[in-house]
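Reproduced below: target17.cif, with mmCIF, C-alpha atoms and all ligand atoms.
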data_query
#
loop_
_atom_site.group_PDB
_atom_site.id
_atom_site.type_symbol
_atom_site.label_atom_id
_atom_site.label_comp_id
_atom_site.auth_asym_id
_atom_site.auth_seq_id
_atom_site.Cartn_x
_atom_site.Cartn_y
_atom_site.Cartn_z
ATOM 1 C CA MET S 164 0.000 0.000 0.000
ATOM 2 C CA ARG S 165 1.226 3.469 -0.861
ATOM 3 C CA THR S 166 2.013 6.211 1.551
ATOM 4 C CA VAL S 167 0.453 9.444 0.339
ATOM 5 C CA TYR S 168 0.676 13.034 1.543
ATOM 6 C CA LEU S 169 -2.385 14.951 2.696
ATOM 7 C CA ASN S 170 -2.298 18.409 4.277
ATOM 8 C CA GLY S 171 0.975 18.094 6.147
ATOM 9 C CA GLU S 172 0.939 14.387 6.913
ATOM 10 C CA PHE S 173 2.175 11.189 5.339
ATOM 11 C CA VAL S 174 -0.585 8.586 5.675
ATOM 12 C CA PRO S 175 -1.498 5.188 4.188
ATOM 13 C CA GLU S 176 -3.577 5.755 1.030
ATOM 14 C CA ASN S 177 -6.706 4.205 2.572
ATOM 15 C CA GLU S 178 -6.601 6.723 5.428
ATOM 16 C CA ALA S 179 -6.319 9.820 3.246
ATOM 17 C CA ASN S 180 -9.780 11.359 3.302
ATOM 18 C CA VAL S 181 -10.927 14.570 1.626
ATOM 19 C CA SER S 182 -14.306 16.197 2.303
ATOM 20 C CA ILE S 183 -17.191 15.864 -0.174
ATOM 21 C CA PHE S 184 -17.445 19.670 0.102
ATOM 22 C CA ASP S 185 -13.922 20.153 -1.190
ATOM 23 C CA ARG S 186 -13.940 22.623 -4.102
ATOM 24 C CA GLY S 187 -11.715 20.250 -6.039
ATOM 25 C CA PHE S 188 -14.462 17.608 -5.923
ATOM 26 C CA LEU S 189 -17.453 19.933 -6.499
ATOM 27 C CA PHE S 190 -16.012 22.473 -8.973
ATOM 28 C CA ALA S 191 -12.738 20.969 -10.294
ATOM 29 C CA ASP S 192 -11.349 24.022 -8.507
ATOM 30 C CA GLY S 193 -7.761 22.914 -8.226
ATOM 31 C CA VAL S 194 -4.421 22.714 -9.963
ATOM 32 C CA TYR S 195 -1.832 19.980 -10.327
ATOM 33 C CA GLU S 196 1.687 19.106 -11.389
ATOM 34 C CA VAL S 197 3.323 15.830 -12.328
ATOM 35 C CA THR S 198 7.052 15.552 -11.744
ATOM 36 C CA THR S 199 9.071 12.703 -13.196
ATOM 37 C CA VAL S 200 11.533 10.669 -11.146
ATOM 38 C CA VAL S 201 14.491 8.991 -12.843
ATOM 39 C CA ASP S 202 17.260 7.259 -10.864
ATOM 40 C CA GLY S 203 15.570 8.540 -7.712
ATOM 41 C CA LYS S 204 15.947 12.161 -8.829
ATOM 42 C CA LEU S 205 13.410 14.790 -9.800
ATOM 43 C CA ILE S 206 13.443 16.148 -13.342
ATOM 44 C CA GLY S 207 12.543 19.773 -14.046
ATOM 45 C CA PHE S 208 11.534 20.455 -10.449
ATOM 46 C CA GLU S 209 12.031 24.257 -10.533
ATOM 47 C CA GLY S 210 9.879 24.570 -13.656
ATOM 48 C CA HIS S 211 7.048 22.573 -12.120
ATOM 49 C CA ILE S 212 7.096 24.639 -8.929
ATOM 50 C CA GLN S 213 7.080 27.910 -10.861
ATOM 51 C CA ARG S 214 4.197 26.772 -13.042
ATOM 52 C CA LEU S 215 2.298 25.569 -9.965
ATOM 53 C CA GLN S 216 2.566 29.031 -8.391
ATOM 54 C CA ARG S 217 1.470 30.645 -11.653
ATOM 55 C CA SER S 218 -1.583 28.329 -11.919
ATOM 56 C CA LEU S 219 -2.570 29.152 -8.317
ATOM 57 C CA ASP S 220 -2.145 32.896 -8.927
ATOM 58 C CA GLU S 221 -4.167 32.822 -12.151
ATOM 59 C CA LEU S 222 -7.068 31.136 -10.309
ATOM 60 C CA LYS S 223 -6.634 33.425 -7.291
ATOM 61 C CA ILE S 224 -6.145 30.471 -4.967
ATOM 62 C CA PRO S 225 -4.435 32.214 -2.064
ATOM 63 C CA HIS S 226 -1.453 29.976 -1.447
ATOM 64 C CA LYS S 227 2.262 30.658 -1.644
ATOM 65 C CA VAL S 228 4.249 27.565 -2.535
ATOM 66 C CA ASP S 229 7.262 26.999 -0.274
ATOM 67 C CA ARG S 230 9.818 25.679 -2.772
ATOM 68 C CA ASP S 231 12.187 24.124 -0.207
ATOM 69 C CA LYS S 232 9.392 22.482 1.755
ATOM 70 C CA MET S 233 7.884 21.172 -1.472
ATOM 71 C CA LEU S 234 11.209 19.665 -2.536
ATOM 72 C CA GLU S 235 11.498 17.968 0.844
ATOM 73 C CA ILE S 236 7.981 16.497 0.515
ATOM 74 C CA HIS S 237 8.678 15.293 -3.041
ATOM 75 C CA LYS S 238 11.911 13.611 -1.971
ATOM 76 C CA GLU S 239 10.319 12.015 1.055
ATOM 77 C CA ILE S 240 7.281 10.644 -0.755
ATOM 78 C CA ALA S 241 9.493 9.105 -3.464
ATOM 79 C CA GLU S 242 11.693 7.508 -0.799
ATOM 80 C CA ARG S 243 8.834 6.245 1.346
ATOM 81 C CA ASN S 244 7.332 4.519 -1.701
ATOM 82 C CA ASN S 245 10.633 3.302 -3.180
ATOM 83 C CA VAL S 246 10.017 5.160 -6.399
ATOM 84 C CA THR S 247 13.285 5.400 -8.307
ATOM 85 C CA GLU S 248 11.515 5.717 -11.659
ATOM 86 C CA GLY S 249 7.998 7.053 -12.024
ATOM 87 C CA MET S 250 5.910 10.091 -11.217
ATOM 88 C CA ILE S 251 4.940 12.270 -8.316
ATOM 89 C CA TYR S 252 1.463 13.764 -8.623
ATOM 90 C CA LEU S 253 0.671 16.945 -6.686
ATOM 91 C CA GLN S 254 -2.712 18.620 -6.410
ATOM 92 C CA ILE S 255 -3.814 21.753 -4.593
ATOM 93 C CA THR S 256 -7.485 22.731 -4.392
ATOM 94 C CA ARG S 257 -9.274 25.771 -2.998
ATOM 95 C CA GLY S 258 -10.201 23.640 -0.029
ATOM 96 C CA ASN S 259 -13.374 22.893 1.861
ATOM 97 C CA PRO S 260 -15.720 25.801 2.651
ATOM 98 C CA GLY S 261 -18.159 23.386 4.367
ATOM 99 C CA ASP S 262 -20.920 24.099 1.848
ATOM 100 C CA ARG S 263 -21.480 24.323 -1.894
ATOM 101 C CA ASP S 264 -21.342 27.875 -3.196
ATOM 102 C CA PHE S 265 -20.123 29.290 -6.532
ATOM 103 C CA ALA S 266 -18.538 32.222 -4.696
ATOM 104 C CA PHE S 267 -15.024 31.587 -3.407
ATOM 105 C CA PRO S 268 -14.708 30.855 0.318
ATOM 106 C CA PRO S 269 -12.929 33.331 2.653
ATOM 107 C CA GLU S 270 -9.223 33.815 1.897
ATOM 108 C CA ASP S 271 -8.190 32.065 5.101
ATOM 109 C CA THR S 272 -9.840 28.769 4.070
ATOM 110 C CA PRO S 273 -6.942 26.292 4.009
ATOM 111 C CA VAL S 274 -6.149 24.732 0.646
ATOM 112 C CA THR S 275 -6.193 20.957 0.284
ATOM 113 C CA MET S 276 -2.822 19.567 -0.742
ATOM 114 C CA VAL S 277 -2.339 15.998 -1.894
ATOM 115 C CA LEU S 278 0.675 14.152 -3.265
ATOM 116 C CA PHE S 279 1.016 10.553 -4.358
ATOM 117 C CA THR S 280 3.437 8.486 -6.394
ATOM 118 C CA GLN S 281 3.081 6.158 -9.359
ATOM 119 C CA HIS S 282 5.693 3.708 -10.554
ATOM 120 C CA LYS S 283 6.240 3.947 -14.313
ATOM 121 C CA ASN S 284 8.837 2.879 -16.859
ATOM 122 C CA ILE S 285 10.047 6.206 -18.158
ATOM 123 C CA VAL S 286 13.446 5.852 -19.801
ATOM 124 C CA HIS S 287 12.715 2.500 -21.460
ATOM 125 C CA ALA S 288 9.005 2.986 -22.088
ATOM 126 C CA LYS S 289 7.801 0.851 -25.002
ATOM 127 C CA SER S 290 6.077 3.794 -26.713
ATOM 128 C CA LEU S 291 9.444 5.515 -27.195
ATOM 129 C CA GLU S 292 10.567 2.622 -29.366
ATOM 130 C CA THR S 293 7.339 1.987 -31.250
ATOM 131 C CA GLY S 294 5.997 5.527 -31.426
ATOM 132 C CA ILE S 295 2.317 6.306 -30.908
ATOM 133 C CA LYS S 296 -0.713 6.704 -33.154
ATOM 134 C CA VAL S 297 -2.889 9.783 -32.827
ATOM 135 C CA ILE S 298 -6.249 10.897 -34.190
ATOM 136 C CA SER S 299 -7.341 14.503 -34.650
ATOM 137 C CA ILE S 300 -10.366 15.822 -32.801
ATOM 138 C CA GLU S 301 -11.950 19.224 -32.190
ATOM 139 C CA ASP S 302 -10.514 21.049 -29.162
ATOM 140 C CA LEU S 303 -13.561 21.653 -26.972
ATOM 141 C CA ARG S 304 -11.715 22.649 -23.783
ATOM 142 C CA TRP S 305 -12.128 25.997 -22.047
ATOM 143 C CA GLY S 306 -10.085 29.050 -23.034
ATOM 144 C CA ARG S 307 -7.432 28.985 -20.286
ATOM 145 C CA ARG S 308 -5.458 25.879 -21.137
ATOM 146 C CA ASP S 309 -2.304 27.603 -19.914
ATOM 147 C CA ILE S 310 -3.531 26.974 -16.355
ATOM 148 C CA LYS S 311 -2.905 23.417 -15.213
ATOM 149 C CA THR S 312 -6.325 22.746 -13.686
ATOM 150 C CA VAL S 313 -7.724 19.347 -12.705
ATOM 151 C CA GLN S 314 -10.597 19.965 -15.115
ATOM 152 C CA LEU S 315 -9.555 17.108 -17.416
ATOM 153 C CA LEU S 316 -12.843 15.643 -18.607
ATOM 154 C CA TYR S 317 -12.524 16.681 -22.254
ATOM 155 C CA PRO S 318 -8.943 15.377 -22.629
ATOM 156 C CA SER S 319 -10.127 12.161 -21.008
ATOM 157 C CA LEU S 320 -13.034 11.853 -23.496
ATOM 158 C CA ALA S 321 -10.617 12.597 -26.356
ATOM 159 C CA LYS S 322 -8.261 9.884 -25.136
ATOM 160 C CA MET S 323 -11.129 7.378 -25.055
ATOM 161 C CA GLU S 324 -12.197 8.389 -28.564
ATOM 162 C CA ALA S 325 -8.616 7.734 -29.707
ATOM 163 C CA LYS S 326 -8.600 4.327 -28.043
ATOM 164 C CA SER S 327 -11.960 3.394 -29.538
ATOM 165 C CA ARG S 328 -10.448 4.120 -32.961
ATOM 166 C CA GLY S 329 -7.368 1.985 -32.334
ATOM 167 C CA ALA S 330 -5.051 4.924 -31.614
ATOM 168 C CA ASP S 331 -3.139 5.952 -28.500
ATOM 169 C CA ASP S 332 -3.903 9.634 -28.175
ATOM 170 C CA ALA S 333 -5.655 12.604 -29.757
ATOM 171 C CA TRP S 334 -4.319 15.852 -31.182
ATOM 172 C CA MET S 335 -6.861 18.555 -30.549
ATOM 173 C CA MET S 336 -7.638 21.187 -33.162
ATOM 174 C CA GLN S 337 -8.949 24.707 -33.126
ATOM 175 C CA ASP S 338 -9.950 26.291 -36.476
ATOM 176 C CA GLY S 339 -8.059 23.526 -38.285
ATOM 177 C CA PHE S 340 -4.824 24.159 -36.372
ATOM 178 C CA VAL S 341 -3.418 21.671 -33.876
ATOM 179 C CA THR S 342 -3.328 22.961 -30.316
ATOM 180 C CA GLU S 343 -1.760 20.017 -28.437
ATOM 181 C CA GLY S 344 -2.229 16.400 -27.361
ATOM 182 C CA THR S 345 -4.500 15.369 -24.489
ATOM 183 C CA SER S 346 -1.571 15.495 -22.060
ATOM 184 C CA ASN S 347 1.384 16.593 -24.143
ATOM 185 C CA ASN S 348 2.610 19.285 -26.536
ATOM 186 C CA ALA S 349 2.611 18.499 -30.271
ATOM 187 C CA TYR S 350 5.372 18.943 -32.878
ATOM 188 C CA ILE S 351 6.002 18.225 -36.522
ATOM 189 C CA VAL S 352 9.279 18.252 -38.441
ATOM 190 C CA LYS S 353 9.383 19.384 -42.076
ATOM 191 C CA ASP S 354 12.578 19.764 -44.122
ATOM 192 C CA GLY S 355 14.637 19.821 -40.936
ATOM 193 C CA THR S 356 12.534 22.502 -39.191
ATOM 194 C CA ILE S 357 10.734 21.729 -35.959
ATOM 195 C CA ILE S 358 7.294 23.330 -35.827
ATOM 196 C CA THR S 359 5.226 23.636 -32.649
ATOM 197 C CA ARG S 360 2.426 25.970 -31.627
ATOM 198 C CA HIS S 361 3.545 29.190 -29.936
ATOM 199 C CA LEU S 362 2.764 29.825 -26.261
ATOM 200 C CA SER S 363 -0.591 31.462 -25.492
ATOM 201 C CA ASN S 364 -3.719 30.681 -23.475
ATOM 202 C CA ASP S 365 -4.508 27.959 -26.042
ATOM 203 C CA ILE S 366 -1.980 25.424 -24.740
ATOM 204 C CA LEU S 367 -0.248 24.331 -21.584
ATOM 205 C CA HIS S 368 3.233 25.780 -21.311
ATOM 206 C CA GLY S 369 5.008 22.450 -21.049
ATOM 207 C CA ILE S 370 8.094 22.211 -18.884
ATOM 208 C CA THR S 371 9.395 19.549 -21.264
ATOM 209 C CA ARG S 372 8.545 21.756 -24.256
ATOM 210 C CA LYS S 373 10.772 24.524 -22.933
ATOM 211 C CA SER S 374 13.676 22.183 -22.291
ATOM 212 C CA VAL S 375 13.309 20.282 -25.582
ATOM 213 C CA LEU S 376 13.295 23.546 -27.560
ATOM 214 C CA GLU S 377 16.469 24.581 -25.732
ATOM 215 C CA CYS S 378 18.010 21.237 -26.725
ATOM 216 C CA ALA S 379 16.930 21.790 -30.350
ATOM 217 C CA ARG S 380 18.712 25.135 -30.343
ATOM 218 C CA MET S 381 21.815 23.572 -28.788
ATOM 219 C CA LEU S 382 21.777 21.067 -31.649
ATOM 220 C CA GLN S 383 21.498 23.956 -34.163
ATOM 221 C CA MET S 384 18.100 22.695 -35.308
ATOM 222 C CA LYS S 385 15.670 25.214 -36.771
ATOM 223 C CA VAL S 386 12.556 25.865 -34.679
ATOM 224 C CA GLU S 387 9.355 27.662 -35.702
ATOM 225 C CA GLU S 388 6.853 28.422 -32.964
ATOM 226 C CA ARG S 389 3.578 28.844 -34.853
ATOM 227 C CA PRO S 390 0.265 27.050 -35.358
ATOM 228 C CA PHE S 391 0.303 24.204 -37.894
ATOM 229 C CA THR S 392 -2.638 22.564 -39.645
ATOM 230 C CA ILE S 393 -3.517 18.904 -39.498
ATOM 231 C CA GLU S 394 -2.809 18.729 -43.265
ATOM 232 C CA GLU S 395 0.746 19.950 -42.606
ATOM 233 C CA ALA S 396 1.024 17.227 -39.999
ATOM 234 C CA TYR S 397 -0.090 14.555 -42.512
ATOM 235 C CA ALA S 398 2.659 15.765 -44.874
ATOM 236 C CA ALA S 399 5.376 16.079 -42.212
ATOM 237 C CA ASP S 400 8.617 14.093 -42.254
ATOM 238 C CA GLU S 401 8.306 13.382 -38.548
ATOM 239 C CA ALA S 402 6.058 14.126 -35.591
ATOM 240 C CA PHE S 403 6.364 13.835 -31.835
ATOM 241 C CA VAL S 404 4.891 14.903 -28.511
ATOM 242 C CA THR S 405 6.543 16.041 -25.300
ATOM 243 C CA SER S 406 5.550 15.640 -21.664
ATOM 244 C CA ALA S 407 7.285 15.236 -18.335
ATOM 245 C CA SER S 408 6.719 11.491 -18.188
ATOM 246 C CA GLY S 409 7.002 10.859 -21.943
ATOM 247 C CA PHE S 410 10.055 13.004 -22.839
ATOM 248 C CA ALA S 411 9.979 13.393 -26.655
ATOM 249 C CA ASN S 412 7.796 10.548 -27.867
ATOM 250 C CA PRO S 413 7.573 9.816 -31.601
ATOM 251 C CA VAL S 414 4.199 9.926 -33.374
ATOM 252 C CA VAL S 415 4.148 7.479 -36.287
ATOM 253 C CA GLU S 416 0.557 7.732 -37.477
ATOM 254 C CA ILE S 417 -2.014 10.550 -37.648
ATOM 255 C CA ASP S 418 -5.639 9.763 -38.554
ATOM 256 C CA GLY S 419 -4.555 6.408 -39.978
ATOM 257 C CA LYS S 420 -1.880 7.929 -42.228
ATOM 258 C CA ALA S 421 1.791 7.060 -41.689
ATOM 259 C CA VAL S 422 3.960 10.037 -40.777
ATOM 260 C CA GLY S 423 7.088 10.069 -42.982
ATOM 261 C CA THR S 424 8.428 6.526 -43.069
ATOM 262 C CA GLY S 425 5.933 5.415 -40.447
ATOM 263 C CA LYS S 426 8.832 4.735 -38.064
ATOM 264 C CA PRO S 427 10.075 6.842 -35.125
ATOM 265 C CA GLY S 428 12.123 9.723 -36.518
ATOM 266 C CA ALA S 429 15.724 10.788 -35.990
ATOM 267 C CA VAL S 430 14.939 14.287 -34.722
ATOM 268 C CA SER S 431 12.866 13.174 -31.747
ATOM 269 C CA GLU S 432 15.457 10.516 -30.922
ATOM 270 C CA LYS S 433 18.292 13.041 -30.919
ATOM 271 C CA LEU S 434 16.287 15.518 -28.876
ATOM 272 C CA ARG S 435 15.356 12.860 -26.358
ATOM 273 C CA GLY S 436 18.992 11.894 -25.907
ATOM 274 C CA LEU S 437 20.147 15.431 -25.203
ATOM 275 C CA TYR S 438 17.062 16.204 -23.115
ATOM 276 C CA LEU S 439 17.760 13.275 -20.831
ATOM 277 C CA GLU S 440 21.459 14.072 -20.576
ATOM 278 C CA GLU S 441 20.887 17.751 -19.741
ATOM 279 C CA ASN S 442 18.019 17.105 -17.356
ATOM 280 C CA MET S 443 19.793 14.318 -15.476
ATOM 281 C CA LYS S 444 22.718 16.696 -14.906
ATOM 282 C CA ALA S 445 20.309 19.223 -13.415
ATOM 283 C CA ALA S 446 18.102 16.681 -11.550
ATOM 284 C CA VAL S 447 17.655 17.123 -7.785
HETATM 285 N N1 LIG D 501 -0.228 19.805 -22.583
HETATM 286 C C1 LIG D 501 -1.135 19.272 -21.763
HETATM 287 C C2 LIG D 501 -2.573 19.508 -22.031
HETATM 288 C C3 LIG D 501 -0.725 18.510 -20.648
HETATM 289 O O1 LIG D 501 -1.644 17.981 -19.821
HETATM 290 C C4 LIG D 501 0.656 18.277 -20.439
HETATM 291 C C5 LIG D 501 1.145 17.415 -19.300
HETATM 292 N N2 LIG D 501 0.638 17.753 -18.097
HETATM 293 C C6 LIG D 501 1.575 18.840 -21.328
HETATM 294 C C7 LIG D 501 1.097 19.605 -22.393
HETATM 295 C C8 LIG D 501 3.052 18.648 -21.148
HETATM 296 O O2 LIG D 501 3.540 19.423 -20.099
HETATM 297 P P1 LIG D 501 4.851 18.993 -19.297
HETATM 298 O O3 LIG D 501 5.942 18.929 -20.316
HETATM 299 O O4 LIG D 501 5.058 20.098 -18.342
HETATM 300 O O5 LIG D 501 4.571 17.670 -18.675
#

Could you spell out this file's structure in structure tokens?
Amino acid sequence: MRTVYLNGEFVPENEANVSIFDRGFLFADGVYEVTTVVDGKLIGFEGHIQRLQRSLDELKIPHKVDRDKMLEIHKEIAERNNVTEGMIYLQITRGNPGDRDFAFPPEDTPVTMVLFTQHKNIVHAKSLETGIKVISIEDLRWGRRDIKTVQLLYPSLAKMEAKSRGADDAWMMQDGFVTEGTSNNAYIVKDGTIITRHLSNDILHGITRKSVLECARMLQMKVEERPFTIEEAYAADEAFVTSASGFANPVVEIDGKAVGTGKPGAVSEKLRGLYLEENMKAAV
């Protein structure tokens, strides 16, 4: 049984209880982060903590994240659960006002903070070798996708639609342009140029995206940050997605059409190599 963290305490998972009046439960009024653990170390920790604070601020959840304390909790929960490779999930909600009301509770209502771990093969995940298949689907999420809220019903429905059509994931589209994957940022490669949507409220500002684009520049690869159409994606030489737990994962099929050779591409492989090297050096 796992040991999880709830509001200042490490407890067995079956003893971690959250109120039915919690705003996270009633309104999806909460934010989250997922940090990857490799060789017992945290990847991209500073980025996740900064984005967490930004998400809280954007939703006016009155909580200041204590970076050092948070690092301590992350390290301890990984150790207590013997997670040397996997993920640490963190969620903070606006807490429990003791009633259901659309209006926010008083500022001094304590937030609810939960962390738990999941074991996962990260470095040698099968999907990195085989690549994944995606379908395209309309992006019907709300307009503030830059905030990492726990409001994940549409991405979950999109994922199920992909699975029902024999694919692994969905690329969501707005006005014919790809926004991102259900839980990752989307890229194509054409004539040696990496193309990925620019940062705005339309997509999550991926921590992995930032680092992978830095790696691309270190490797003197050309990068264009702009929207691309699904037709451009069909005609691309290569495609891939990035996320904390998936690094740079090749996409080999879009809407049933092979991308390039239909095999994982060289660009994503190169980027993944450098990404892992750089991030392991900086891991804490
Ligand atoms: N976009 C969406 C919608 C996501 O849910 C995620 C993963 N949480 C990402 C992109 C990738 O972000 P990161 O690289 O920070 O994991």

(message) Rounded to one decimal, what separation in Å do you get between atom O2 of ligand LIG 501 (chain D) and CA of Met276 in chain S?
(response)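 Distance between the two atoms: 20.4 Å.
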
Mind dumping a table of every chain S residue within 6 Å of ligand LIG 501 (chain D), with the nearest atom pair and its distance in Å to one decimal, using only C-alpha atoms and all ligand atoms, sorted by chain and rising number, as CSV?
residue,atom,partner,partner_atom,distance
S:Thr345,CA,D:LIG501,C2,5.2
S:Ser346,CA,D:LIG501,O1,3.3
S:Asn347,CA,D:LIG501,C7,3.5
S:Asn348,CA,D:LIG501,C7,4.4
S:Leu367,CA,D:LIG501,N1,4.6
S:Gly369,CA,D:LIG501,O2,3.5
S:Ile370,CA,D:LIG501,O4,3.7
S:Thr371,CA,D:LIG501,O3,3.6
S:Arg372,CA,D:LIG501,O3,5.5
S:Thr405,CA,D:LIG501,O3,5.8
S:Ser406,CA,D:LIG501,O3,3.6
S:Ala407,CA,D:LIG501,O5,3.7

(request) Rank nothing, just name the residue among S:Glu221, S:Arg186, S:Thr166, S:Val181 nearest to Ile251 in chain S, using all atoms listed in the file. (result)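 Among the listed residues, the smallest separation from Ile251 in chain S belongs to S:Thr166.
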
(request) Identify the residues around (-2.4, 17.5, -27.3) within a radius of 9 Å, measuring from all atoms listed in the file in the coordinates stated by the file, and give them as number ranges by chain. (result) S: 318, 332-336, 341-349, 366, 404

Output of the PyMOL selection byres (((chain S and resi 244) around 10) and not hetatm), listed as a compact mmCIF listing (two decimals) with C-alpha atoms, keeping the file's coordinate frame:
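Output below, filename selection_33.txt:
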# COMPACT_ATOMS: atom_id res chain seq x y z
CA MET S 164 0.00 0.00 0.00
CA ARG S 165 1.23 3.47 -0.86
CA THR S 166 2.01 6.21 1.55
CA VAL S 167 0.45 9.44 0.34
CA GLU S 239 10.32 12.02 1.06
CA ILE S 240 7.28 10.64 -0.76
CA ALA S 241 9.49 9.10 -3.46
CA GLU S 242 11.69 7.51 -0.80
CA ARG S 243 8.83 6.24 1.35
CA ASN S 245 10.63 3.30 -3.18
CA VAL S 246 10.02 5.16 -6.40
CA THR S 247 13.28 5.40 -8.31
CA PHE S 279 1.02 10.55 -4.36
CA THR S 280 3.44 8.49 -6.39
CA GLN S 281 3.08 6.16 -9.36
CA HIS S 282 5.69 3.71 -10.55

Could the residues of range 234-263 of chain S that have an atom at most 10 Å from range 223-226 of chain S be listed as JSON lines, each with its closest atom pair and the distance in Å to one decimal, counting only C-alpha atoms and ordered by chain and ascending residue number?
{"residue": "S:Ile255", "atom": "CA", "partner": "S:Ile224", "partner_atom": "CA", "distance": 9.0}
{"residue": "S:Thr256", "atom": "CA", "partner": "S:Ile224", "partner_atom": "CA", "distance": 7.9}
{"residue": "S:Arg257", "atom": "CA", "partner": "S:Ile224", "partner_atom": "CA", "distance": 6.0}
{"residue": "S:Gly258", "atom": "CA", "partner": "S:Ile224", "partner_atom": "CA", "distance": 9.4}

Export C-alpha atoms of the chosen residues as a PDB file, in the frame of the given file?
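As a result, selection31.pdb now contains:
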ATOM      1  CA  ILE S 255      -3.814  21.753  -4.593  1.00  0.00           C
ATOM      2  CA  THR S 256      -7.485  22.731  -4.392  1.00  0.00           C
ATOM      3  CA  ARG S 257      -9.274  25.771  -2.998  1.00  0.00           C
ATOM      4  CA  GLY S 258     -10.201  23.640  -0.029  1.00  0.00           C
TER       5      GLY S 258
END

Just so the selection is clear, what residues does the PyMOL selection byres (((chain S and resi 284) around 12) and not hetatm) cover here, as a compact mmCIF listing (two decimals) with C-alpha atoms, in the coordinates of the input?
# COMPACT_ATOMS: atom_id res chain seq x y z
CA THR S 199 9.07 12.70 -13.20
CA VAL S 200 11.53 10.67 -11.15
CA VAL S 201 14.49 8.99 -12.84
CA ASP S 202 17.26 7.26 -10.86
CA VAL S 246 10.02 5.16 -6.40
CA THR S 247 13.28 5.40 -8.31
CA GLU S 248 11.52 5.72 -11.66
CA GLY S 249 8.00 7.05 -12.02
CA MET S 250 5.91 10.09 -11.22
CA GLN S 281 3.08 6.16 -9.36
CA HIS S 282 5.69 3.71 -10.55
CA LYS S 283 6.24 3.95 -14.31
CA ILE S 285 10.05 6.21 -18.16
CA VAL S 286 13.45 5.85 -19.80
CA HIS S 287 12.72 2.50 -21.46
CA ALA S 288 9.01 2.99 -22.09
CA LYS S 289 7.80 0.85 -25.00
CA SER S 290 6.08 3.79 -26.71
CA LEU S 291 9.44 5.52 -27.20
CA SER S 408 6.72 11.49 -18.19
CA GLY S 409 7.00 10.86 -21.94
CA PHE S 410 10.06 13.00 -22.84

(message) I need the output of the PyMOL selection byres (((chain S and resi 196) around 8) and not hetatm) for this file as number ranges by chain; which residues are they?
(response) S: 194-195, 197-198, 211, 215, 252-254, 311

(request) Point out the residue among S:Arg307, S:Cys378, S:Glu178, S:Thr275 with the least atom-to-atom distance to Leu222 in chain S, counting all atoms listed in the file. (result)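 Looking at the shortest contact to Leu222 in chain S, the residue is S:Arg307.
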
(message) Using all atoms listed in the file, can you tell me which of S:Ile351, S:Ile295, S:Val375, S:Met384 comes closest to Pro413 in chain S?
(response) S:Ile295

(request) Identify which of the residues S:Asp418, S:Asp309, S:Glu172, S:Asp192 lies closest to Gly329 in chain S, counting all atoms listed in the file when measuring atom-to-atom distances. (result)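 Between S:Asp418, S:Asp309, S:Glu172, S:Asp192, the residue approaching Gly329 in chain S most closely is S:Asp418.
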
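Picture a line from CA of Ala445 in chain S to CA of Val386 in chain S; it runs 23.6 Å.
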
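What separates CA of Met381 in chain S from CA of Thr293 in chain S is a distance of 26.1 Å.
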
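Of the residues under consideration (S:Lys238, S:Lys373, S:Arg304, S:Lys322), S:Arg304 shows the shortest atom-to-atom contact distance to Gln337 in chain S when counting all atoms listed in the file.
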
(message) Using only C-alpha atoms, can you tell me which of S:Glu292, S:Glu395, S:Glu324, S:Glu440 comes closest to Thr359 in chain S?
(response)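 Ranking S:Glu292, S:Glu395, S:Glu324, S:Glu440 by distance to Thr359 in chain S, first place goes to S:Glu395.
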
(message) Just want the 10 Å neighbourhood of Gly428 in chain S, counted on all atoms listed in the file, with same-chain residues fewer than 4 positions away dropped. Output as a PyMOL selection string.
(response) chain S and resi 294+352+400-403+412-415+422-424+432-433

(request) Using all atoms listed in the file, determine which residues lie at most 12 Å from Asp229 in chain S, disregarding the query and same-chain residues fewer than 4 positions distant; provide the list as a list in words. (result)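 Answer for this query is Glu209, Ile212, Gln213, Leu215, Gln216, Met233, Leu234, Glu235 and Ile236 of chain S.
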